[in-house]
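Enquirer: Take a look at protein_37.cif, mmCIF, C-alpha atoms:
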```
data_entry
#
loop_
_atom_site.label_atom_id
_atom_site.label_comp_id
_atom_site.auth_asym_id
_atom_site.auth_seq_id
_atom_site.Cartn_x
_atom_site.Cartn_y
_atom_site.Cartn_z
CA MET K 1 91.38 105.65 11.75
CA LEU K 2 94.23 107.95 12.72
CA ARG K 3 96.44 106.83 15.58
CA SER K 4 98.81 109.23 17.31
CA GLY K 5 100.90 108.64 20.37
CA LEU K 6 103.35 110.46 22.63
CA THR K 7 105.83 108.57 24.71
CA GLY K 8 107.77 110.22 27.51
CA ALA K 9 111.42 109.21 27.70
CA CYS K 10 111.82 110.04 31.35
CA LEU K 11 109.05 111.98 33.11
CA CYS K 12 108.59 112.85 36.76
CA SER K 13 105.62 112.57 39.05
CA TYR K 14 105.21 116.33 38.81
CA TRP K 15 104.34 117.19 35.21
CA ASN K 16 102.21 119.61 33.27
CA ILE K 17 99.54 118.46 30.82
CA GLN K 18 98.10 120.56 28.04
CA THR K 19 95.21 119.34 25.85
CA LEU K 20 95.26 120.64 22.29
CA SER K 21 91.63 120.44 21.25
CA ARG K 22 92.22 121.40 17.58
CA SER K 23 94.42 118.44 16.74
CA ASN K 24 93.15 116.28 19.60
CA LEU K 25 96.69 115.49 20.74
CA VAL K 26 98.16 115.49 24.24
CA SER K 27 101.36 117.35 24.99
CA ILE K 28 103.25 116.23 28.08
CA HIS K 29 105.87 118.66 29.41
CA CYS K 30 108.63 117.70 31.80
CA ASN K 31 110.86 120.14 33.61
CA SER K 32 114.44 119.86 32.38
CA PRO K 33 117.56 121.54 33.80
CA SER K 34 117.56 124.10 30.97
CA ASP K 35 114.20 125.57 31.91
CA GLU K 36 114.36 125.14 35.70
CA SER K 37 115.08 128.85 36.19
CA GLU K 38 111.73 129.74 34.66
CA GLU K 39 109.70 126.84 36.02
CA TRP K 40 110.89 126.88 39.64
CA ASP K 41 108.91 130.03 40.33
CA LYS K 42 105.74 128.57 38.86
CA GLU K 43 103.59 126.23 40.79
CA ALA K 44 103.57 122.86 39.02
CA ARG K 45 100.22 121.27 38.48
CA THR K 46 100.27 117.89 40.13
CA LEU K 47 97.95 115.24 38.73
CA THR K 48 97.57 111.61 39.56
CA TYR K 49 96.87 109.10 36.80
CA PRO K 50 93.13 108.83 37.55
CA ALA K 51 92.88 112.61 37.76
CA TYR K 52 94.58 112.95 34.39
CA ILE K 53 92.08 110.62 32.71
CA ALA K 54 89.18 112.41 34.38
CA SER K 55 90.49 115.78 33.21
CA LEU K 56 90.44 114.57 29.62
CA LEU K 57 86.84 113.43 29.85
CA ASP K 58 85.74 116.54 31.69
CA SER K 59 87.40 118.93 29.25
CA GLY K 60 85.50 120.98 26.73
CA ALA K 61 85.98 118.34 24.03
CA LYS K 62 83.25 115.97 25.18
CA ARG K 63 82.05 115.54 21.61
CA LEU K 64 85.47 114.27 20.65
CA SER K 65 86.02 112.22 23.77
CA ALA K 66 82.82 110.28 23.14
CA GLY K 67 84.35 108.87 19.96
CA VAL K 68 87.86 108.43 21.33
CA ARG K 69 89.33 105.18 22.58
CA MET K 70 92.24 105.71 24.90
CA ASP K 71 94.82 103.12 25.85
CA CYS K 72 97.20 104.14 28.65
CA SER K 73 99.91 102.08 30.27
CA SER K 74 102.55 102.71 32.87
CA GLN K 75 106.10 102.30 31.63
CA GLY K 76 107.75 102.22 35.09
CA GLN K 77 109.22 104.76 37.53
CA CYS K 78 111.77 107.45 36.86
CA PRO K 79 115.17 106.27 38.20
CA PRO K 80 116.90 108.57 40.71
CA SER K 81 119.84 108.94 38.32
CA CYS K 82 117.72 110.60 35.65
CA HIS K 83 119.04 114.15 35.28
CA LEU K 84 115.91 115.32 33.44
CA CYS K 85 113.59 114.80 36.36
CA HIS K 86 112.90 117.23 39.17
CA MET K 87 112.59 115.13 42.29
CA SER K 88 110.73 116.50 45.30
CA PRO K 89 112.77 116.71 48.55
CA GLY K 90 112.38 113.98 51.05
CA THR K 91 112.09 110.25 50.82
CA GLN K 92 108.56 110.24 49.42
CA LYS K 93 108.34 108.02 46.35
CA PRO K 94 107.06 109.63 43.19
CA SER K 95 103.45 108.98 42.29
CA GLU K 96 102.48 106.48 39.63
CA PRO K 97 102.71 106.58 36.71
CA VAL K 98 106.04 108.24 36.15
CA LEU K 99 106.48 107.13 32.52
CA LEU K 100 103.19 107.31 30.65
CA GLN K 101 102.22 106.37 27.09
CA VAL K 102 98.88 107.62 25.79
CA THR K 103 97.43 106.47 22.48
CA LYS K 104 94.24 107.89 21.04
CA ALA K 105 92.28 106.45 18.14
CA ALA K 106 89.55 108.46 16.42
CA PRO K 107 87.97 108.68 12.96
CA ILE K 108 90.06 110.96 10.79
CA TYR K 109 87.13 113.23 10.02
CA GLU K 110 86.62 113.82 13.77
CA LEU K 111 90.11 115.31 13.93
CA VAL K 112 89.29 117.87 11.27
CA ASN K 113 87.18 120.76 12.51
CA ASN K 114 87.93 123.25 9.78
CA ASN K 115 85.44 123.08 6.89
CA GLU K 116 88.02 123.84 4.22
CA THR K 117 90.39 121.23 5.59
CA TYR K 118 87.56 118.72 5.78
CA GLN K 119 86.60 119.34 2.14
CA ALA K 120 90.19 119.10 0.94
CA LEU K 121 90.67 115.87 2.84
CA GLN K 122 87.46 114.42 1.41
CA GLU K 123 88.47 115.31 -2.15
CA ALA K 124 91.90 113.77 -1.64
CA MET K 125 90.41 110.55 -0.28
CA MET K 126 87.92 110.32 -3.16
CA SER K 127 90.73 110.86 -5.66
CA MET K 128 92.85 108.12 -4.09
CA LEU K 129 89.91 105.71 -3.92
CA TRP K 130 88.47 106.10 -7.42
CA CYS K 131 91.02 107.97 -9.56
CA SER K 132 94.35 106.51 -8.37
CA GLY K 133 95.24 109.89 -6.89
CA LYS K 134 95.74 111.29 -10.40
CA GLY K 135 92.45 113.09 -10.93
CA ASP K 136 89.35 114.60 -9.37
CA VAL K 137 85.97 112.97 -8.85
CA ILE K 138 83.28 114.89 -10.76
CA ASP K 139 79.81 113.43 -10.12
CA ASP K 140 80.33 109.75 -11.03
CA TRP K 141 83.41 110.03 -13.26
CA CYS K 142 87.09 110.92 -12.95
CA ARG K 143 88.62 114.04 -14.48
CA CYS K 144 92.19 112.94 -14.96
CA ASP K 145 95.22 115.17 -14.52
CA SER K 146 97.18 116.10 -17.62
CA SER K 147 99.90 113.63 -16.63
CA ALA K 148 97.41 110.72 -16.44
CA PHE K 149 97.05 110.01 -20.15
CA GLY K 150 98.53 107.11 -22.08
CA ALA K 151 100.43 107.09 -25.35
CA ASP K 152 97.13 106.54 -27.19
CA GLY K 153 95.72 109.74 -25.71
CA LEU K 154 93.20 107.96 -23.50
CA PRO K 155 92.88 108.72 -19.77
CA THR K 156 94.46 106.22 -17.38
CA CYS K 157 93.65 107.59 -13.91
CA ALA K 158 90.49 105.50 -13.43
CA PRO K 159 91.60 101.86 -13.50
CA LEU K 160 89.64 99.57 -15.83
CA SER K 161 89.52 96.20 -14.13
CA GLN K 162 90.18 93.01 -16.06
CA PRO K 163 87.12 90.77 -16.52
CA MET K 164 87.85 87.18 -15.55
CA LEU K 165 86.80 84.83 -18.34
CA LYS K 166 86.22 81.21 -17.28
CA LEU K 167 84.52 78.00 -18.29
CA SER K 168 80.98 77.51 -17.05
CA HIS K 169 80.64 75.39 -13.93
CA SER K 170 77.14 74.28 -14.99
CA TYR K 171 77.81 72.95 -18.50
CA GLU K 172 80.81 70.90 -19.53
CA PRO K 173 82.37 71.44 -22.96
CA SER K 174 81.21 69.13 -25.74
CA SER K 175 82.90 68.20 -29.00
CA SER K 176 81.24 71.12 -30.80
CA LEU K 177 80.52 73.83 -28.21
CA VAL K 178 81.75 75.40 -25.01
CA THR K 179 80.00 77.70 -22.53
CA LEU K 180 81.99 80.68 -21.25
CA GLU K 181 81.05 83.18 -18.54
CA TRP K 182 82.41 86.19 -16.73
CA ASN K 183 81.28 88.43 -13.88
CA HIS K 184 80.06 91.89 -14.78
CA ALA K 185 81.11 94.52 -12.26
CA GLU K 186 81.89 98.19 -12.58
CA PRO K 187 82.67 100.68 -9.80
CA PRO K 188 80.06 103.34 -8.98
CA ILE K 189 82.59 106.06 -9.81
CA GLY K 190 85.22 106.41 -12.50
CA VAL K 191 84.58 103.69 -15.11
CA ARG K 192 81.60 103.01 -17.36
CA ILE K 193 81.76 99.72 -19.26
CA VAL K 194 79.91 100.04 -22.56
CA ASP K 195 80.89 96.83 -24.33
CA TYR K 196 82.89 93.60 -24.26
CA LEU K 197 85.02 92.21 -27.08
CA ILE K 198 85.36 88.45 -27.54
CA SER K 199 87.85 86.76 -29.82
CA GLN K 200 88.03 83.10 -30.84
CA GLU K 201 91.28 81.65 -32.14
CA LYS K 202 91.99 78.11 -33.30
CA ILE K 203 95.40 76.75 -32.40
CA THR K 204 96.70 75.12 -35.53
CA GLU K 205 99.89 73.53 -34.17
CA ARG K 206 99.40 70.71 -31.66
CA THR K 207 102.92 71.09 -30.22
CA ASP K 208 103.32 74.87 -30.44
CA HIS K 209 100.50 76.81 -28.79
CA THR K 210 102.00 80.13 -29.89
CA LYS K 211 100.87 79.63 -33.49
CA VAL K 212 97.22 80.57 -33.76
CA GLU K 213 94.76 81.28 -36.50
CA THR K 214 92.43 84.20 -35.79
CA GLU K 215 88.88 83.35 -36.70
CA THR K 216 86.41 85.65 -34.99
CA MET K 217 86.31 89.01 -33.17
CA LEU K 218 82.85 89.92 -31.91
CA SER K 219 81.34 92.85 -30.07
CA PHE K 220 79.01 91.75 -27.30
CA VAL K 221 76.66 94.70 -27.82
CA ASP K 222 76.74 95.14 -31.61
CA ASP K 223 77.06 91.53 -32.74
CA ILE K 224 75.50 89.37 -30.04
CA LEU K 225 72.87 91.43 -28.21
CA SER K 226 71.63 92.81 -31.50
CA GLY K 227 71.25 89.31 -32.96
CA ALA K 228 72.98 90.56 -36.11
CA LYS K 229 75.83 88.08 -36.41
CA SER K 230 77.06 84.53 -36.20
CA PRO K 231 74.57 81.78 -35.39
CA CYS K 232 77.58 80.06 -33.84
CA VAL K 233 77.56 82.46 -30.84
CA MET K 234 74.54 82.58 -28.54
CA LEU K 235 73.65 84.11 -25.22
CA GLY K 236 73.32 81.80 -22.25
CA GLU K 237 71.21 82.46 -19.19
CA ILE K 238 71.38 86.08 -17.92
CA PRO K 239 70.49 86.55 -14.23
CA ASP K 240 68.39 89.44 -12.99
CA PRO K 241 69.88 91.60 -11.54
CA LEU K 242 72.92 91.23 -13.78
CA THR K 243 75.91 89.73 -11.98
CA SER K 244 77.39 87.50 -14.68
CA ILE K 245 77.19 87.00 -18.44
CA SER K 246 77.14 83.59 -20.11
CA MET K 247 77.88 82.87 -23.80
CA ILE K 248 77.74 79.67 -25.83
CA MET K 249 80.39 79.25 -28.54
CA ARG K 250 79.19 76.72 -31.14
CA CYS K 251 80.47 75.34 -34.47
CA LEU K 252 83.73 74.15 -32.91
CA GLU K 253 85.73 71.26 -34.33
CA PRO K 254 86.18 68.13 -32.20
CA ASP K 255 89.58 67.33 -30.72
CA THR K 256 90.83 70.87 -31.45
CA SER K 257 92.45 73.52 -29.25
CA TYR K 258 90.92 76.99 -29.06
CA MET K 259 91.86 80.20 -27.29
CA PHE K 260 89.14 82.65 -26.22
CA ARG K 261 89.93 86.19 -25.10
CA LEU K 262 87.77 88.86 -23.46
CA TRP K 263 88.26 92.63 -23.14
CA ALA K 264 86.11 95.20 -21.33
CA VAL K 265 85.66 98.51 -23.17
CA ASP K 266 84.81 101.76 -21.37
CA ASN K 267 83.12 104.91 -22.65
CA THR K 268 86.44 106.44 -23.75
CA GLY K 269 87.22 103.49 -26.02
CA ARG K 270 89.90 102.15 -23.70
CA ARG K 271 90.30 98.37 -23.45
CA SER K 272 91.16 96.42 -20.34
CA SER K 273 93.87 93.80 -20.19
CA PRO K 274 92.61 90.63 -21.90
CA SER K 275 91.47 87.60 -19.94
CA GLU K 276 91.91 84.33 -21.80
CA VAL K 277 90.88 80.69 -21.64
CA THR K 278 92.46 77.89 -23.67
CA ILE K 279 90.56 74.64 -24.12
CA LYS K 280 90.79 71.49 -26.21
CA THR K 281 87.40 70.16 -27.27
CA PRO K 282 86.64 66.48 -26.56
CA CYS K 283 86.68 63.76 -29.20
CA PRO K 284 83.61 63.66 -31.46
CA ALA K 285 80.55 62.09 -29.87
CA VAL K 286 79.35 58.78 -31.23
CA ASP K 287 76.12 56.81 -30.80
CA ASP K 288 77.42 53.34 -30.01
CA VAL K 289 74.02 51.66 -30.19
CA LYS K 290 73.54 52.97 -33.74
CA ALA K 291 77.05 51.76 -34.64
CA GLN K 292 76.15 48.23 -33.50
CA GLU K 293 73.00 48.28 -35.65
CA ILE K 294 74.97 49.40 -38.71
CA ALA K 295 77.56 46.65 -38.13
CA ASP K 296 74.72 44.10 -38.20
CA LYS K 297 73.31 45.60 -41.42
CA ILE K 298 76.71 45.49 -43.14
CA TYR K 299 77.12 41.84 -42.17
CA ASN K 300 73.71 41.00 -43.63
CA LEU K 301 74.56 42.83 -46.86
CA PHE K 302 77.94 41.08 -47.17
CA ASN K 303 76.65 37.65 -46.17
CA GLY K 304 76.19 35.27 -49.09
CA TYR K 305 75.82 36.57 -52.63
CA THR K 306 76.04 40.37 -52.82
CA SER K 307 74.24 41.98 -55.74
CA GLY K 308 75.28 45.28 -57.26
CA LYS K 309 72.42 47.05 -55.48
CA GLU K 310 73.45 45.67 -52.11
CA GLN K 311 77.07 46.66 -52.75
CA GLN K 312 76.04 50.22 -53.53
CA THR K 313 73.82 50.35 -50.45
CA ALA K 314 76.69 49.20 -48.22
CA TYR K 315 79.08 51.66 -49.87
CA ASN K 316 76.72 54.63 -49.44
CA MET K 317 76.00 53.67 -45.85
CA LEU K 318 79.67 53.41 -44.85
CA MET K 319 80.69 56.61 -46.66
CA ASP K 320 78.03 58.63 -44.80
CA LEU K 321 79.08 57.49 -41.33
CA GLY K 322 82.03 59.74 -40.63
CA SER K 323 85.26 58.67 -38.98
CA PRO K 324 84.09 58.20 -35.31
CA THR K 325 81.08 56.00 -36.14
CA LEU K 326 83.08 54.07 -38.75
CA HIS K 327 85.63 53.18 -36.05
CA ARG K 328 82.86 51.75 -33.87
CA VAL K 329 81.26 49.86 -36.78
CA LEU K 330 84.64 48.25 -37.51
CA TYR K 331 85.06 47.42 -33.79
CA HIS K 332 81.63 45.80 -33.40
CA TYR K 333 81.81 43.99 -36.74
CA ASN K 334 85.12 42.36 -35.82
CA GLN K 335 83.87 41.54 -32.32
CA ARG K 336 80.84 39.67 -33.68
CA TYR K 337 81.63 38.49 -37.20
CA GLU K 338 85.43 38.28 -37.51
CA SER K 339 85.13 34.51 -37.95
CA PHE K 340 83.48 35.23 -41.33
CA GLY K 341 86.26 37.59 -42.35
CA GLU K 342 87.83 40.74 -40.93
CA PHE K 343 86.00 44.00 -41.76
CA THR K 344 88.65 45.60 -44.00
CA TRP K 345 89.12 42.37 -45.96
CA ARG K 346 85.36 41.95 -46.46
CA CYS K 347 85.07 45.54 -47.69
CA GLU K 348 87.80 44.98 -50.29
CA ASP K 349 86.30 41.62 -51.30
CA GLU K 350 82.72 42.86 -51.63
CA LEU K 351 83.22 46.45 -52.83
CA GLY K 352 86.58 46.32 -54.57
CA PRO K 353 89.92 47.92 -53.60
CA ARG K 354 89.04 51.42 -54.83
CA LYS K 355 85.77 51.82 -52.94
CA ALA K 356 87.15 50.05 -49.88
CA GLY K 357 90.14 52.39 -49.91
CA LEU K 358 87.86 55.45 -49.94
CA ILE K 359 85.91 54.11 -46.97
CA LEU K 360 88.89 53.02 -44.88
CA SER K 361 90.80 56.29 -45.49
CA GLN K 362 88.30 58.01 -43.18
CA LEU K 363 89.75 56.09 -40.23
CA ASP K 364 92.86 58.30 -40.31
CA ASP K 365 90.92 61.54 -39.81
CA LEU K 366 91.10 61.21 -36.01
CA SER K 367 94.03 61.73 -33.67
CA GLY K 368 95.68 58.79 -31.96
CA TRP K 369 94.07 59.83 -28.68
CA CYS K 370 90.54 59.65 -30.08
CA ARG K 371 91.23 56.40 -31.95
CA GLY K 372 92.36 54.88 -28.67
CA LEU K 373 89.17 55.95 -26.87
CA LEU K 374 87.03 54.46 -29.65
CA GLN K 375 88.54 51.05 -28.92
CA GLU K 376 86.93 50.95 -25.48
CA PRO K 377 84.57 47.97 -25.05
CA LYS K 378 81.73 50.21 -23.97
CA ILE K 379 80.92 53.82 -24.86
CA GLY K 380 77.92 55.42 -23.20
CA LEU K 381 75.95 58.32 -24.61
CA ARG K 382 74.52 61.14 -22.50
CA ARG K 383 72.24 63.93 -23.65
CA ALA K 384 71.97 67.24 -21.82
CA SER K 385 69.66 70.21 -22.42
CA LEU K 386 71.32 73.60 -22.72
CA LYS K 387 69.20 76.74 -22.45
CA PHE K 388 70.07 79.72 -24.62
CA LEU K 389 68.55 83.00 -25.80
CA ALA K 390 67.73 83.41 -29.49
CA CYS K 391 67.65 87.19 -30.05
CA ARG K 392 65.83 88.99 -32.83
CA TYR K 393 67.67 91.78 -34.61
CA THR K 394 67.70 94.99 -32.58
CA ASP K 395 69.53 98.23 -33.31
CA THR K 396 71.43 98.59 -30.04
CA LYS K 397 72.74 102.03 -31.01
CA ALA K 398 69.19 103.38 -30.99
CA PHE K 399 68.88 103.12 -27.24
CA SER K 400 71.11 103.59 -24.21
CA LEU K 401 72.33 100.29 -22.81
CA SER K 402 71.59 99.76 -19.12
CA TRP K 403 73.46 96.81 -17.68
CA MET K 404 71.23 96.61 -14.62
CA GLU K 405 68.11 96.31 -16.82
CA LEU K 406 69.76 94.04 -19.40
CA ALA K 407 67.99 90.87 -18.30
CA GLN K 408 64.56 92.52 -18.54
CA GLY K 409 65.32 93.89 -21.99
CA LEU K 410 66.55 90.53 -23.27
CA HIS K 411 63.35 88.80 -22.24
CA LYS K 412 61.48 91.21 -24.52
CA SER K 413 63.70 90.84 -27.60
CA CYS K 414 64.94 87.25 -27.18
CA ASP K 415 63.26 83.85 -26.97
CA GLU K 416 64.47 81.18 -24.57
CA GLN K 417 65.16 77.92 -26.39
CA THR K 418 66.77 74.58 -25.58
CA LEU K 419 69.66 72.88 -27.32
CA SER K 420 70.37 69.14 -27.03
CA VAL K 421 74.05 68.32 -26.45
CA MET K 422 75.61 64.84 -26.63
CA TYR K 423 78.48 63.55 -24.46
CA ASN K 424 80.30 60.22 -24.42
CA ASP K 425 81.40 58.21 -21.38
CA TYR K 426 84.19 55.78 -22.19
CA GLY K 427 84.57 52.43 -20.48
CA GLU K 428 82.57 50.82 -17.71
CA PRO K 429 81.10 53.28 -15.16
CA LYS K 430 83.08 53.34 -11.94
CA GLU K 431 81.54 53.50 -8.50
CA ILE K 432 82.67 56.46 -6.44
#
```
Once more with this new file: its structure as structure tokens, please.
Expert:
Amino acid sequence: MLRSGLTGACLCSYWNIQTLSRSNLVSIHCNSPSDESEEWDKEARTLTYPAYIASLLDSGAKRLSAGVRMDCSSQGQCPPSCHLCHMSPGTQKPSEPVLLQVTKAAPIYELVNNNETYQALQEAMMSMLWCSGKGDVIDDWCRCDSSAFGADGLPTCAPLSQPMLKLSHSYEPSSSLVTLEWNHAEPPIGVRIVDYLISQEKITERTDHTKVETETMLSFVDDILSGAKSPCVMLGEIPDPLTSISMIMRCLEPDTSYMFRLWAVDNTGRRSSPSEVTIKTPCPAVDDVKAQEIADKIYNLFNGYTSGKEQQTAYNMLMDLGSPTLHRVLYHYNQRYESFGEFTWRCEDELGPRKAGLILSQLDDLSGWCRGLLQEPKIGLRRASLKFLACRYTDTKAFSLSWMELAQGLHKSCDEQTLSVMYNDYGEPKEI
């Protein structure tokens, strides 16, 4: 909307009004002492306020007046001391309004009657809207000006928006995987997104998050949609029509910090600013019921005379457990059978110092945080089903990618499967 207003500083009750239909503005003329010699001989056109409004509506610009909203307000009377006003003789008070402010509001295209001006204005508005005012809109793309190119030689007039990478609200991270998602959106003019780049970096220093170890850089189209790479990266659910993209990052290490980054890539090869998410995976999941059963088996093997075969069976069983389950076996064994000897002492007594040392050294593989959680009296185990798309190999370069039809194409080349994911709940459940 274009708003224009004229405010009289000091106008009389006798004033001339001229309507300029081309620009749809109102010009209000007041007789001043400098032009009295010319204006005295002319008969002034006297209009009251209602007559003035009626004259606007009855003018030849009815097409414009139908789309015009007019706000008028009286600003008071002209004081007798005003030297710019021509006062009529006698004691008759001037008619209202003496000071008048008129504001008109109309669509900007209604104020442009000339075809060339209208076209130039339309092109300028399209350039500002889609090309940052630094190029021209040609069909559905931007032809950038010569000054709108970056140091890499790529055009910069059409802004490439940053995709917002985030953790999935539907699936919580587990000790070995995390689900990431981002919204897919591209403007109808100016930018064509042809790919996304995803990087995975493991943070190697616990106290300094600036030191990272680059592990993976994947192309969404060439490496993931095609099914050509990494069984550790899978597609999540893809809605139809496409509004968001979900990816499952597997093969992660428990109790480890990772940084994921995402770039959008347009048809010129330009990358957007990266969007990143940093996450620390939970402690490794453990089946506490299984740990209790193993603690009972170890007690039975150690109880009484232990033959060489029983010693080897206990050794093999404990070495195959892994650090998290071994912590829980130690906990349950000491809770139930400590009166017959503490777990580490019984291992050394039954298996010998060397084998016992190999078993017990696994307890140090976890961080202090995870070791503390594994000392909780109760650890629950939850299982959740995670849907994903297992895609067969497809040469994505052989066909033109259509984002709007992506979901339909994936259902033809990918199979929907389900993955079981385990989570631990530490301590007694609390009522909310």
Enquirer: Hey, which of K:Pro155, K:His184, K:Gly190, K:Ser272 ends up closest to K:Ile138? Count all atoms listed in the file.
Expert: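 Checking each candidate against K:Ile138, we get K:Gly190 as the closest.
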Enquirer: If the PyMOL selection byres ((chain K and resi 382) around 9) is run on the structure shown, which residues does it catch, given as a CSV table (one decimal) with C-alpha atoms, in the coordinates of the input?
Expert:
```
chain,number,residue,atom,x,y,z
K,380,GLY,CA,77.9,55.4,-23.2
K,381,LEU,CA,76.0,58.3,-24.6
K,383,ARG,CA,72.2,63.9,-23.6
K,384,ALA,CA,72.0,67.2,-21.8
K,421,VAL,CA,74.0,68.3,-26.4
K,422,MET,CA,75.6,64.8,-26.6
K,423,TYR,CA,78.5,63.6,-24.5
K,424,ASN,CA,80.3,60.2,-24.4
K,425,ASP,CA,81.4,58.2,-21.4
```
Enquirer: Which distance in Å separates atom CA of K:Tyr315 and atom CA of K:Cys251, to one decimal?
Expert: 28.3 Å
Enquirer: Nearest residue to K:Met404 out of K:Ala120, K:Leu242, K:Leu321, K:Cys131, using all atoms listed in the file?
Expert: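 Once distances to K:Met404 are computed over all atoms listed in the file, the minimum belongs to K:Leu242.
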Enquirer: Quick one: residues within 12 Å of K:Thr313, only C-alpha atoms, excluding same-chain residues fewer than 4 positions away - as a list in words?
Expert: Ile294, Lys297, Ile298, Asn300, Leu301, Phe302, Thr306, Ser307, Gly308, Lys309, Met317, Leu318, Met319, Asp320, Glu350 and Leu351 of chain K
Enquirer: Apply the PyMOL selection byres ((chain K and resi 196) around 6) to the displayed file and report the matching residues as a PyMOL selection string.
Expert: chain K and resi 195+197+220+263-265
Enquirer: With N, CA and C atoms as the target, complete stretch 174-187 of chain K and hand it back as a tab-separated table (two decimals), in the coordinates of the input.
Expert:
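Contents of result_14.tsv, freshly written:
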```tsv
chain	number	residue	atom	x	y	z
K	174	SER	N	81.47	70.29	-24.89
K	174	SER	CA	81.21	69.13	-25.74
K	174	SER	C	82.17	69.17	-26.92
K	175	SER	N	82.00	68.25	-27.85
K	175	SER	CA	82.90	68.20	-29.00
K	175	SER	C	82.66	69.34	-29.97
K	176	SER	N	81.55	70.06	-29.84
K	176	SER	CA	81.24	71.12	-30.80
K	176	SER	C	80.91	72.47	-30.16
K	177	LEU	N	80.83	72.54	-28.84
K	177	LEU	CA	80.52	73.83	-28.21
K	177	LEU	C	81.13	73.91	-26.82
K	178	VAL	N	81.25	75.15	-26.35
K	178	VAL	CA	81.75	75.40	-25.01
K	178	VAL	C	80.99	76.61	-24.46
K	179	THR	N	80.71	76.60	-23.18
K	179	THR	CA	80.00	77.70	-22.53
K	179	THR	C	80.99	78.49	-21.68
K	180	LEU	N	81.09	79.78	-21.96
K	180	LEU	CA	81.99	80.68	-21.25
K	180	LEU	C	81.18	81.67	-20.44
K	181	GLU	N	81.75	82.18	-19.35
K	181	GLU	CA	81.05	83.18	-18.54
K	181	GLU	C	82.05	84.08	-17.86
K	182	TRP	N	81.59	85.25	-17.48
K	182	TRP	CA	82.41	86.19	-16.73
K	182	TRP	C	81.50	87.05	-15.86
K	183	ASN	N	82.04	87.56	-14.77
K	183	ASN	CA	81.28	88.43	-13.88
K	183	ASN	C	81.30	89.86	-14.42
K	184	HIS	N	80.15	90.48	-14.38
K	184	HIS	CA	80.06	91.89	-14.78
K	184	HIS	C	80.04	92.75	-13.53
K	185	ALA	N	81.04	93.62	-13.41
K	185	ALA	CA	81.11	94.52	-12.26
K	185	ALA	C	81.82	95.79	-12.68
K	186	GLU	N	81.24	96.91	-12.34
K	186	GLU	CA	81.89	98.19	-12.58
K	186	GLU	C	81.73	99.06	-11.35
K	187	PRO	N	82.75	99.85	-11.00
K	187	PRO	CA	82.67	100.68	-9.80
K	187	PRO	C	81.61	101.77	-9.97
```
